[in-house]
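Below: data_1.csv (CSV, C-alpha atoms and all ligand atoms)
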```csv
chain,number,residue,atom,x,y,z
A,1,MET,CA,149.3,168.0,40.2
A,2,ARG,CA,147.7,169.6,37.1
A,3,ILE,CA,149.2,172.6,35.4
A,4,SER,CA,146.7,175.2,34.0
A,5,ALA,CA,146.6,175.8,30.3
A,6,GLY,CA,147.9,179.4,30.8
A,7,ALA,CA,150.9,178.3,32.9
A,8,ARG,CA,151.6,175.6,30.3
A,9,ARG,CA,151.6,178.2,27.5
A,10,LEU,CA,154.0,180.4,29.5
A,11,LEU,CA,156.3,177.4,30.1
A,12,ILE,CA,156.4,176.6,26.4
A,13,ARG,CA,156.9,180.2,25.2
A,14,SER,CA,159.7,180.9,27.7
A,15,GLY,CA,161.5,177.8,26.6
A,16,VAL,CA,161.6,176.5,30.2
A,17,ALA,CA,159.5,173.4,29.1
A,18,LYS,CA,162.1,172.5,26.5
A,19,LEU,CA,164.9,172.8,29.1
A,20,LEU,CA,163.0,170.7,31.5
A,21,TYR,CA,162.3,168.0,29.0
A,22,ARG,CA,166.0,167.7,28.2
A,23,SER,CA,167.2,167.7,31.8
A,24,GLU,CA,168.7,164.5,33.1
A,25,ALA,CA,166.6,164.7,36.2
A,26,VAL,CA,163.4,164.7,34.2
A,27,LYS,CA,164.7,161.8,32.1
A,28,ARG,CA,165.5,159.8,35.3
A,29,PHE,CA,162.0,160.6,36.5
A,30,TYR,CA,160.6,159.4,33.2
A,31,ARG,CA,162.5,156.2,33.3
A,32,ARG,CA,161.3,155.6,36.8
A,33,TRP,CA,157.8,156.2,35.6
A,34,ILE,CA,158.3,153.4,33.0
A,35,ARG,CA,159.8,151.1,35.6
A,36,ASP,CA,156.9,151.8,38.0
A,37,ARG,CA,154.6,150.2,35.4
A,38,LEU,CA,156.3,147.0,36.5
A,39,GLY,CA,156.5,147.8,40.2
A,40,ASP,CA,154.5,149.2,43.1
A,41,GLN,CA,151.5,150.0,41.0
A,42,PRO,CA,148.0,148.5,40.8
A,43,ASN,CA,148.2,145.3,38.9
A,44,ASN,CA,147.4,145.7,35.2
A,45,TYR,CA,146.2,143.8,32.2
A,46,ASN,CA,148.3,143.2,29.2
A,47,ILE,CA,146.8,142.5,25.8
A,48,GLN,CA,149.0,141.1,23.0
A,49,LEU,CA,147.5,142.4,19.8
A,50,SER,CA,150.0,140.5,17.7
A,51,SER,CA,152.6,137.9,18.5
A,52,ILE,CA,154.3,138.9,15.2
A,53,CYS,CA,157.1,141.3,15.1
A,54,ASN,CA,158.8,143.0,12.1
A,55,ALA,CA,162.2,143.1,13.9
A,56,LEU,CA,164.5,140.4,15.2
A,57,CYS,CA,166.2,142.1,18.1
A,58,VAL,CA,169.2,140.3,19.5
A,59,PHE,CA,168.3,141.4,23.0
A,60,CYS,CA,164.8,140.0,22.8
A,61,THR,CA,163.4,136.5,23.1
A,62,TYR,CA,161.3,137.0,20.0
A,63,PRO,CA,163.7,135.5,17.5
A,64,GLN,CA,164.0,132.4,19.7
A,65,LEU,CA,160.2,132.1,20.2
A,66,LYS,CA,159.7,132.4,16.4
A,67,GLU,CA,162.3,129.8,15.7
A,68,SER,CA,160.8,127.4,18.3
A,69,GLY,CA,157.4,127.6,16.5
A,70,THR,CA,155.4,129.8,18.9
A,71,PRO,CA,152.3,130.7,17.0
A,72,GLN,CA,152.6,133.9,14.9
A,73,LEU,CA,149.2,135.6,14.7
A,74,HIS,CA,147.1,138.6,15.4
A,75,ILE,CA,144.5,138.5,18.1
A,76,SER,CA,141.1,137.4,16.8
A,77,ASP,CA,137.9,139.4,17.3
A,78,GLU,CA,136.7,136.7,19.6
A,79,SER,CA,139.8,136.6,21.8
A,80,PHE,CA,140.0,140.4,22.0
A,81,ASP,CA,136.3,140.8,22.8
A,82,ARG,CA,136.5,138.2,25.5
A,83,ALA,CA,139.5,139.8,27.0
A,84,ILE,CA,137.7,143.2,27.2
A,85,GLU,CA,134.6,141.4,28.6
A,86,LEU,CA,136.8,139.9,31.4
A,87,ILE,CA,138.5,143.3,32.0
A,88,ARG,CA,135.1,144.9,32.4
A,89,LYS,CA,134.0,142.4,34.9
A,90,GLN,CA,137.1,142.9,37.0
A,91,PRO,CA,138.3,146.5,36.3
A,92,ARG,CA,141.9,147.5,36.6
A,93,PRO,CA,143.2,151.0,35.8
A,94,ILE,CA,146.1,150.2,33.5
A,95,VAL,CA,146.1,148.4,30.2
A,96,CYS,CA,149.3,147.7,28.3
A,97,PHE,CA,149.5,146.7,24.7
A,98,THR,CA,153.2,145.7,24.7
A,99,PRO,CA,153.5,142.5,26.7
A,100,THR,CA,156.4,140.1,26.2
A,101,THR,CA,157.0,140.3,22.5
A,102,GLY,CA,155.2,141.3,19.3
A,103,GLU,CA,154.8,144.6,17.5
A,104,VAL,CA,151.5,146.6,18.1
A,105,LEU,CA,151.5,148.4,14.7
A,106,VAL,CA,151.7,145.3,12.6
A,107,ASN,CA,148.1,144.6,13.6
A,108,SER,CA,146.2,146.7,11.1
A,109,ARG,CA,143.3,147.1,13.7
A,110,TRP,CA,145.6,148.3,16.5
A,111,ALA,CA,144.0,151.8,16.7
A,112,GLU,CA,140.5,150.3,17.0
A,113,ARG,CA,141.7,148.0,19.7
A,114,VAL,CA,143.5,150.7,21.6
A,115,GLN,CA,140.5,152.9,21.3
A,116,THR,CA,138.4,150.2,23.0
A,117,ALA,CA,140.7,150.3,26.0
A,118,LEU,CA,140.8,154.1,26.1
A,119,ASP,CA,137.0,154.2,26.2
A,120,LEU,CA,136.8,152.0,29.3
A,121,PRO,CA,135.7,154.5,32.0
A,122,PHE,CA,137.7,152.9,34.8
A,123,VAL,CA,141.0,152.8,32.8
A,124,ARG,CA,143.2,155.7,33.5
A,125,GLU,CA,146.2,154.7,31.5
A,126,VAL,CA,146.8,152.8,28.3
A,127,TYR,CA,150.4,152.4,27.1
A,128,PHE,CA,152.4,150.7,24.4
A,129,TYR,CA,155.9,150.5,23.0
A,130,SER,CA,156.5,150.3,19.3
A,131,ASN,CA,159.6,149.9,17.2
A,132,ALA,CA,158.2,152.5,14.7
A,133,ILE,CA,159.0,150.4,11.6
A,134,SER,CA,155.3,150.5,10.7
A,135,LEU,CA,154.8,154.1,11.9
A,136,ASN,CA,153.8,155.3,8.4
A,137,ARG,CA,151.6,158.3,7.7
A,138,LYS,CA,148.4,156.2,8.0
A,139,ASN,CA,149.4,155.0,11.4
A,140,ILE,CA,150.4,158.5,12.5
A,141,ASP,CA,147.0,159.7,11.5
A,142,ARG,CA,145.3,156.9,13.3
A,143,LEU,CA,147.4,157.7,16.4
A,144,LEU,CA,146.4,161.3,16.3
A,145,ALA,CA,142.7,160.5,15.7
A,146,LEU,CA,142.4,158.5,18.9
A,147,LYS,CA,139.9,159.9,21.4
A,148,ASN,CA,140.7,160.1,25.1
A,149,ARG,CA,144.3,160.4,24.1
A,150,GLU,CA,145.2,162.0,27.4
A,151,LYS,CA,145.2,158.5,28.9
A,152,LEU,CA,147.6,157.2,26.3
A,153,ARG,CA,151.4,156.9,26.7
A,154,VAL,CA,153.4,155.9,23.7
A,155,ASN,CA,157.1,155.1,23.5
A,156,PHE,CA,159.1,154.2,20.4
A,157,SER,CA,162.3,152.1,20.6
A,158,THR,CA,165.2,152.3,18.2
A,159,GLY,CA,168.8,151.3,18.0
A,160,GLY,CA,171.6,154.0,18.0
A,161,THR,CA,172.0,156.7,15.5
A,162,ASP,CA,173.3,154.9,12.5
A,163,ARG,CA,172.3,152.1,10.2
A,164,GLU,CA,175.1,149.6,11.2
A,165,LEU,CA,174.4,149.7,14.9
A,166,TYR,CA,170.6,149.5,14.3
A,167,HIS,CA,171.0,146.5,12.0
A,168,ALA,CA,173.3,144.7,14.5
A,169,MET,CA,170.8,145.3,17.3
A,170,TYR,CA,167.4,145.0,15.6
A,171,GLY,CA,168.4,142.2,13.2
A,172,VAL,CA,166.7,144.1,10.3
A,173,ASP,CA,168.0,146.9,8.0
A,174,ARG,CA,165.3,149.4,8.9
A,175,PHE,CA,167.2,152.3,10.4
A,176,ASP,CA,166.4,154.8,7.6
A,177,LYS,CA,162.8,154.0,7.7
A,178,VAL,CA,162.5,154.2,11.5
A,179,ALA,CA,164.4,157.6,11.6
A,180,ARG,CA,162.1,158.9,8.8
A,181,ASN,CA,158.9,157.7,10.6
A,182,ILE,CA,159.8,159.1,14.0
A,183,ASN,CA,160.8,162.4,12.4
A,184,ALA,CA,157.5,162.5,10.5
A,185,LEU,CA,155.6,162.0,13.7
A,186,PHE,CA,157.4,164.8,15.5
A,187,GLU,CA,156.9,167.1,12.5
A,188,VAL,CA,153.2,166.6,12.6
A,189,LEU,CA,153.1,167.0,16.4
A,190,ALA,CA,155.1,170.2,16.1
A,191,GLU,CA,153.0,171.6,13.3
A,192,ARG,CA,149.8,171.0,15.3
A,193,GLY,CA,151.2,172.6,18.4
A,194,GLU,CA,150.7,169.5,20.4
A,195,SER,CA,152.3,169.1,23.9
A,196,VAL,CA,151.9,165.4,24.3
A,197,PRO,CA,155.2,163.8,25.5
A,198,VAL,CA,156.4,161.0,23.3
A,199,GLY,CA,159.3,158.8,24.4
A,200,VAL,CA,162.0,157.5,22.2
A,201,ASP,CA,164.1,154.8,23.8
A,202,VAL,CA,167.4,154.7,22.0
A,203,LYS,CA,169.2,151.4,22.6
A,204,LEU,CA,173.0,151.6,22.7
A,205,ARG,CA,176.0,149.4,23.4
A,206,PRO,CA,176.6,148.8,27.1
A,207,GLY,CA,177.9,152.0,28.7
A,208,ASP,CA,177.8,154.1,25.5
A,209,ARG,CA,176.3,157.5,25.4
A,210,VAL,CA,175.6,159.9,22.5
A,211,SER,CA,174.9,163.7,22.6
A,212,ASN,CA,171.4,165.0,22.7
A,213,ASP,CA,172.1,167.1,19.6
A,214,LEU,CA,172.9,163.9,17.7
A,215,LEU,CA,169.6,162.3,18.9
A,216,GLU,CA,167.6,165.4,17.9
A,217,ASN,CA,169.3,165.7,14.5
A,218,THR,CA,168.6,162.0,13.9
A,219,TYR,CA,165.1,161.6,15.1
A,220,ASN,CA,163.6,165.0,15.8
A,221,LYS,CA,164.6,167.4,13.0
A,222,ALA,CA,161.4,169.4,13.5
A,223,GLY,CA,162.5,170.1,17.1
A,224,TYR,CA,159.2,168.9,18.7
A,225,ARG,CA,159.6,170.1,22.2
A,226,TYR,CA,158.1,167.2,24.0
A,227,ALA,CA,160.3,164.5,22.4
A,228,GLN,CA,161.7,162.6,25.4
A,229,PHE,CA,164.9,160.7,24.5
A,230,ILE,CA,166.1,157.9,26.8
A,231,GLN,CA,169.5,156.3,26.2
A,232,SER,CA,169.3,152.6,27.1
A,233,ASN,CA,172.8,151.3,27.5
A,234,GLU,CA,172.2,148.7,30.1
A,235,LEU,CA,170.1,146.1,28.3
A,236,SER,CA,169.6,142.9,30.4
A,237,ASP,CA,170.7,139.5,29.1
A,238,LEU,CA,167.5,138.2,30.6
A,239,GLY,CA,169.3,135.7,32.8
A,240,GLY,CA,171.5,134.5,30.0
A,241,VAL,CA,168.7,133.8,27.5
A,242,VAL,CA,169.8,136.7,25.2
A,243,ALA,CA,173.4,137.1,26.3
A,244,GLY,CA,175.7,138.9,23.8
A,245,GLU,CA,177.7,142.0,23.1
A,246,PHE,CA,174.7,144.3,23.6
A,247,THR,CA,173.5,143.0,27.0
A,248,ILE,CA,174.8,142.9,30.6
A,249,ARG,CA,174.2,140.6,33.5
A,250,TYR,CA,172.3,142.2,36.3
A,251,LYS,CA,172.9,141.2,39.9
A,252,LEU,CA,169.7,139.5,40.9
A,253,GLN,CA,167.6,140.8,43.8
A,254,ALA,CA,166.9,138.3,46.6
A,255,ARG,CA,163.4,136.8,46.1
A,256,ASP,CA,163.0,134.2,48.8
A,257,ASN,CA,159.4,133.8,50.0
A,258,ARG,CA,158.4,137.1,48.4
A,259,PRO,CA,156.3,136.7,45.2
A,260,CYS,CA,156.8,139.2,42.5
A,261,HIS,CA,154.4,142.0,42.0
A,262,GLY,CA,154.3,141.1,38.3
A,263,LEU,CA,152.7,137.8,39.1
A,264,GLY,CA,149.5,139.6,39.8
A,265,ASN,CA,149.3,141.0,36.2
A,266,PHE,CA,147.4,139.1,33.5
A,267,ARG,CA,148.3,138.8,29.9
A,268,PHE,CA,145.8,138.0,27.2
A,269,ALA,CA,148.0,136.4,24.5
A,270,ALA,CA,147.2,136.8,20.8
A,271,ASN,CA,146.1,133.2,20.6
A,272,GLY,CA,143.6,133.6,23.5
A,273,ASP,CA,145.7,132.1,26.3
A,274,ILE,CA,145.9,133.7,29.6
A,275,TRP,CA,149.4,134.2,31.2
A,276,LEU,CA,150.6,135.8,34.3
A,277,CYS,CA,152.9,138.8,34.2
A,278,GLY,CA,153.7,140.0,30.7
A,279,CYS,CA,157.3,141.2,31.1
A,280,ALA,CA,159.9,140.3,28.5
A,281,PHE,CA,161.1,137.4,30.7
A,282,SER,CA,157.7,135.8,31.6
A,283,GLU,CA,157.7,133.5,28.5
A,284,PRO,CA,161.2,132.2,28.1
A,285,PRO,CA,161.5,130.0,25.0
A,286,GLY,CA,160.1,126.5,25.8
A,287,SER,CA,158.5,127.5,29.1
A,288,THR,CA,154.7,127.7,29.8
A,289,GLU,CA,154.9,127.8,33.5
A,290,LEU,CA,153.2,131.2,33.7
A,291,ARG,CA,150.4,130.2,31.4
A,292,VAL,CA,147.3,129.9,33.5
A,293,GLY,CA,144.4,129.3,31.2
A,294,HIS,CA,142.6,130.1,28.0
A,295,ALA,CA,140.0,132.8,27.9
A,296,LYS,CA,136.7,131.4,26.9
A,297,GLY,CA,134.5,133.0,29.6
A,298,TRP,CA,134.3,134.4,33.0
A,299,ALA,CA,135.0,131.1,34.6
A,300,ASP,CA,138.4,131.0,32.8
A,301,LEU,CA,139.6,134.2,34.4
A,302,ALA,CA,138.4,133.0,37.8
A,303,ALA,CA,140.3,129.8,37.3
A,304,ALA,CA,143.4,131.7,36.1
A,305,GLU,CA,143.1,133.8,39.3
A,306,GLU,CA,143.0,130.7,41.4
A,307,HIS,CA,146.0,129.4,39.6
A,308,GLN,CA,147.8,132.7,40.2
A,309,ARG,CA,147.0,132.5,43.9
A,310,THR,CA,148.3,128.9,44.1
A,311,LEU,CA,151.6,130.0,42.4
A,312,ALA,CA,152.0,133.0,44.7
A,313,ASP,CA,151.2,131.0,47.8
A,314,ALA,CA,153.7,128.3,46.9
A,315,TRP,CA,156.3,131.0,46.4
A,316,ARG,CA,155.4,132.7,49.7
A,317,ASP,CA,155.0,129.6,51.8
A,318,HIS,CA,157.4,127.1,50.3
A,319,ASN,CA,159.8,129.3,48.4
A,320,ASP,CA,158.7,127.5,45.3
A,321,VAL,CA,159.7,130.2,42.7
A,322,PRO,CA,158.4,129.7,39.1
A,323,GLU,CA,161.4,128.9,36.9
A,324,PRO,CA,161.1,132.1,34.7
A,325,CYS,CA,161.1,134.2,37.9
A,326,LYS,CA,164.2,132.6,39.4
A,327,HIS,CA,166.5,134.3,36.9
A,328,CYS,CA,164.3,137.3,36.0
A,329,PRO,CA,166.1,140.7,36.5
A,330,ILE,CA,162.8,142.6,36.4
A,331,TYR,CA,161.6,141.0,39.6
A,332,GLN,CA,159.8,143.5,41.9
A,333,PRO,CA,158.9,142.2,45.4
A,334,GLU,CA,155.2,142.6,46.1
A,335,PRO,CA,154.6,145.6,48.4
A,336,ALA,CA,155.0,144.7,52.0
A,337,SER,CA,151.4,145.8,52.6
A,338,ALA,CA,150.1,143.3,50.1
A,339,ALA,CA,152.1,140.5,51.6
A,340,ARG,CA,150.9,141.4,55.1
A,341,GLU,CA,147.3,141.3,54.0
A,342,ARG,CA,147.8,137.8,52.8
A,343,ARG,CA,149.7,136.3,55.7
A,344,SER,CA,151.0,137.3,59.1
A,345,ALA,CA,154.5,135.7,59.0
A,346,PRO,CA,157.4,138.2,59.0
A,347,LEU,CA,158.9,139.1,55.7
A,348,PRO,CA,162.5,138.1,55.0
A,349,PRO,CA,165.0,141.0,54.9
A,350,SER,CA,165.4,141.0,51.1
A,351,ASP,CA,164.9,144.7,50.3
A,352,ARG,CA,168.5,145.6,49.5
A,353,PRO,CA,168.4,148.2,46.7
A,354,VAL,CA,169.4,146.6,43.4
A,355,ARG,CA,169.7,148.3,40.1
A,356,LEU,CA,166.8,147.6,37.8
A,357,PRO,CA,167.3,146.8,34.2
A,358,VAL,CA,166.1,149.0,31.4
A,359,LEU,CA,163.3,147.6,29.2
A,360,ASN,CA,164.3,145.2,26.4
A,361,HIS,CA,161.6,146.2,23.9
B,401,LIG,S1,159.9,137.7,38.4
B,401,LIG,FE1,158.4,136.6,37.3
B,401,LIG,S2,156.5,137.7,37.6
B,401,LIG,FE2,158.2,139.0,38.1
B,401,LIG,S3,158.6,140.3,36.3
B,401,LIG,FE3,159.9,138.5,36.3
B,401,LIG,S4,158.8,136.9,35.1
B,401,LIG,FE4,157.4,138.5,35.7
B,402,LIG,S1,162.3,143.8,21.3
B,402,LIG,FE1,160.3,144.4,20.5
B,402,LIG,S2,160.8,145.1,18.4
B,402,LIG,FE2,162.5,143.9,19.0
B,402,LIG,S3,162.1,141.8,18.3
B,402,LIG,FE3,161.4,142.0,20.4
B,402,LIG,S4,159.2,142.4,20.2
B,402,LIG,FE4,160.2,142.9,18.3
```
Output the structure of this file as structure tokens.
Amino acid sequence: MRISAGARRLLIRSGVAKLLYRSEAVKRFYRRWIRDRLGDQPNNYNIQLSSICNALCVFCTYPQLKESGTPQLHISDESFDRAIELIRKQPRPIVCFTPTTGEVLVNSRWAERVQTALDLPFVREVYFYSNAISLNRKNIDRLLALKNREKLRVNFSTGGTDRELYHAMYGVDRFDKVARNINALFEVLAERGESVPVGVDVKLRPGDRVSNDLLENTYNKAGYRYAQFIQSNELSDLGGVVAGEFTIRYKLQARDNRPCHGLGNFRFAANGDIWLCGCAFSEPPGSTELRVGHAKGWADLAAAEEHQRTLADAWRDHNDVPEPCKHCPIYQPEPASAARERRSAPLPPSDRPVRLPVLNH
């Protein structure tokens, strides 16, 4: 449903918009929207602009991947162009720039790369998460200069509302900088009279909550009306890989003979490899089970697709679940319709509602 410009102005002036954006129901909807990116949606493409991050979050696999010698690099022109070429050949409507690990804004060419995806006519949504450490004035200007910005969804993640908690969660002492950067962005958006929603995902200790006023006073002093704060106090321990005081263990959803929807997503890694999925758990330290190729040309994506089908069929027909997927709390069963299209055998009764984790990014 589209809201006309006049109706939108009325909503803004009357203050109703502000109330709506702060309501718990809208926040729940917003979080579901983020989760839907991983669920019953068309499959997407993930492009990792950089495998480098400027944080060391204790709830993320990045510190372990870094420690284990996983290459730390920005995507090359050649790998990026090839990924775009493959995407053009087999269009999908969603492109995500925050797969697995790595920080988008540390790649100085991030805006140019994001613009390339925004310009693809068949793409209707481009999104990324950033930790806002590098959200300096130059990057704010780059963000606001993007064309086709109506297709873009940006979320920032941060830890708590004080320096100590941030440092304990993000492994770096950057709270003041992050708060300053997010405030600066909202100030510019408010000054320009923008109405683009911007999410701020505030990570907290399990079960903790803070007041909205505290969040606004910390990150949105300008009172930008479309700041959307989410309190994430249920971070997953990713099946034990990042277990600690800030994470919880989720009850796993049954996954027998039902491949995950995420297995149909492709990730173009910064080093040119092609992986399946792209969630935080798809590349556990030491595992390459979901790596399905290296992008050199069209034949490579076709081969990766073949590999993807083989893995999905083995899961569906022999319950041969890839190791990362056995313990992954983000698992989303492929839609029943998709499964029926592929085979006629009845599906197992595994659709008990299970709480999904919040995003560890
Ligand atoms: S279950 Fe596997 S494919 Fe699904 S989200 Fe987890 S790692 Fe990705
Ligand atoms: S969660 Fe995101 S910001 Fe934190 S270390 Fe991992 S990739 Fe970096």
I'd like the contact shell of A:Val188 - 10 Å cut-off, all atoms listed in the file, skipping same-chain residues fewer than 6 positions apart - returned as a PyMOL selection string.
chain A and resi 137+140-141+144+194+222+224
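For the pair atom CA of A:Val104 and atom CA of A:Lys151, the interatomic distance is 17.3 Å.
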Which residues are near ligand LIG 402 (chain B) in this structure, taking near to mean any atom at most 6 Å from a ligand atom and counting all atoms listed in the file? Format them as a CSV table (one decimal) with C-alpha atoms, in the coordinates of the input.
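Wrote it out as result_6.csv, contents follow:
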```
chain,number,residue,atom,x,y,z
A,53,CYS,CA,157.1,141.3,15.1
A,55,ALA,CA,162.2,143.1,13.9
A,56,LEU,CA,164.5,140.4,15.2
A,57,CYS,CA,166.2,142.1,18.1
A,60,CYS,CA,164.8,140.0,22.8
A,62,TYR,CA,161.3,137.0,20.0
A,101,THR,CA,157.0,140.3,22.5
A,102,GLY,CA,155.2,141.3,19.3
A,103,GLU,CA,154.8,144.6,17.5
A,131,ASN,CA,159.6,149.9,17.2
A,360,ASN,CA,164.3,145.2,26.4
A,361,HIS,CA,161.6,146.2,23.9
```
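Nearest to ligand LIG 401 (chain B) of all the residues A:Cys328, A:Leu189, A:Val114, A:Leu135 is A:Cys328, counting all atoms listed in the file.
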Cut-off 7 Å, all atoms listed in the file, neighbours of ligand LIG 401 (chain B) as a short mmCIF file (atom, residue, chain, number, x, y, z; two decimals) with C-alpha atoms, keeping the file's coordinate frame:
```cif
data_model
loop_
_atom_site.label_atom_id
_atom_site.label_comp_id
_atom_site.auth_asym_id
_atom_site.auth_seq_id
_atom_site.Cartn_x
_atom_site.Cartn_y
_atom_site.Cartn_z
CA CYS A 260 156.80 139.20 42.50
CA HIS A 261 154.40 142.00 42.00
CA GLY A 262 154.30 141.10 38.30
CA LEU A 263 152.70 137.80 39.10
CA CYS A 277 152.90 138.80 34.20
CA GLY A 278 153.70 140.00 30.70
CA CYS A 279 157.30 141.20 31.10
CA PHE A 281 161.10 137.40 30.70
CA SER A 282 157.70 135.80 31.60
CA PRO A 324 161.10 132.10 34.70
CA CYS A 325 161.10 134.20 37.90
CA LYS A 326 164.20 132.60 39.40
CA CYS A 328 164.30 137.30 36.00
CA PRO A 329 166.10 140.70 36.50
CA ILE A 330 162.80 142.60 36.40
CA TYR A 331 161.60 141.00 39.60
CA GLN A 332 159.80 143.50 41.90
#
```
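Atom CA of A:Ser130 lies 23.3 Å from atom CA of A:Ser68.
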In the coordinate frame of the file, compute which residues have an atom within 12 Å of (147.0, 155.0, 10.1) when using all atoms listed in the file, and state them as a list of chain:residue names.
A:Leu105, A:Val106, A:Asn107, A:Ser108, A:Arg109, A:Trp110, A:Ala111, A:Glu112, A:Ser134, A:Leu135, A:Asn136, A:Arg137, A:Lys138, A:Asn139, A:Ile140, A:Asp141, A:Arg142, A:Leu143, A:Leu144, A:Ala145, A:Leu146, A:Leu185
Show me as a compact mmCIF listing (two decimals) with C-alpha atoms, keeping the file's coordinate frame the residues that reach within 12 Å of (148.5, 129.6, 42.3), counting only C-alpha atoms and using the file's own coordinates.
```
# COMPACT_ATOMS: atom_id res chain seq x y z
CA PRO A 259 156.30 136.70 45.20
CA LEU A 263 152.70 137.80 39.10
CA GLY A 264 149.50 139.60 39.80
CA LEU A 276 150.60 135.80 34.30
CA GLU A 289 154.90 127.80 33.50
CA LEU A 290 153.20 131.20 33.70
CA ARG A 291 150.40 130.20 31.40
CA VAL A 292 147.30 129.90 33.50
CA GLY A 293 144.40 129.30 31.20
CA ALA A 302 138.40 133.00 37.80
CA ALA A 303 140.30 129.80 37.30
CA ALA A 304 143.40 131.70 36.10
CA GLU A 305 143.10 133.80 39.30
CA GLU A 306 143.00 130.70 41.40
CA HIS A 307 146.00 129.40 39.60
CA GLN A 308 147.80 132.70 40.20
CA ARG A 309 147.00 132.50 43.90
CA THR A 310 148.30 128.90 44.10
CA LEU A 311 151.60 130.00 42.40
CA ALA A 312 152.00 133.00 44.70
CA ASP A 313 151.20 131.00 47.80
CA ALA A 314 153.70 128.30 46.90
CA TRP A 315 156.30 131.00 46.40
CA ARG A 316 155.40 132.70 49.70
CA ASP A 317 155.00 129.60 51.80
CA ASP A 320 158.70 127.50 45.30
CA VAL A 321 159.70 130.20 42.70
CA PRO A 322 158.40 129.70 39.10
```
One number please: atom CA of A:Phe59 to atom CA of A:Gln72, in Å, one decimal.
19.2 Å
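If only C-alpha atoms are the atoms counted, then among A:Asn257, A:Asn212, A:Ala117, A:Lys203 the closest residue to A:His167 is A:Lys203.
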With distances taken over only C-alpha atoms, which of A:Asn148, A:Ser79, A:Ser211, A:Ser195 is nearest to A:Tyr226?
A:Ser195
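The nearest approach to A:Ala295 among the residues A:Ile75, A:Val242, A:Gly193, A:Arg82, with all atoms listed in the file taken into account, belongs to A:Arg82.
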Would you mind telling me which residue in A:Lys66, A:Arg249, A:Arg258, A:Arg92 lies nearest to A:Asn46 when using only C-alpha atoms?
A:Arg92
Pick from A:Asn44, A:Leu204, A:Asn220, A:Asp162 nearest to A:Tyr127, counting all atoms listed in the file
A:Asn44
Give me the residues near A:Gly223 as a PyMOL selection string, where near means some atom within 10 Å (using all atoms listed in the file) and where sequence neighbours in that chain fewer than 6 positions away do not count.
chain A and resi 18+183+186-187+189-190+216-217
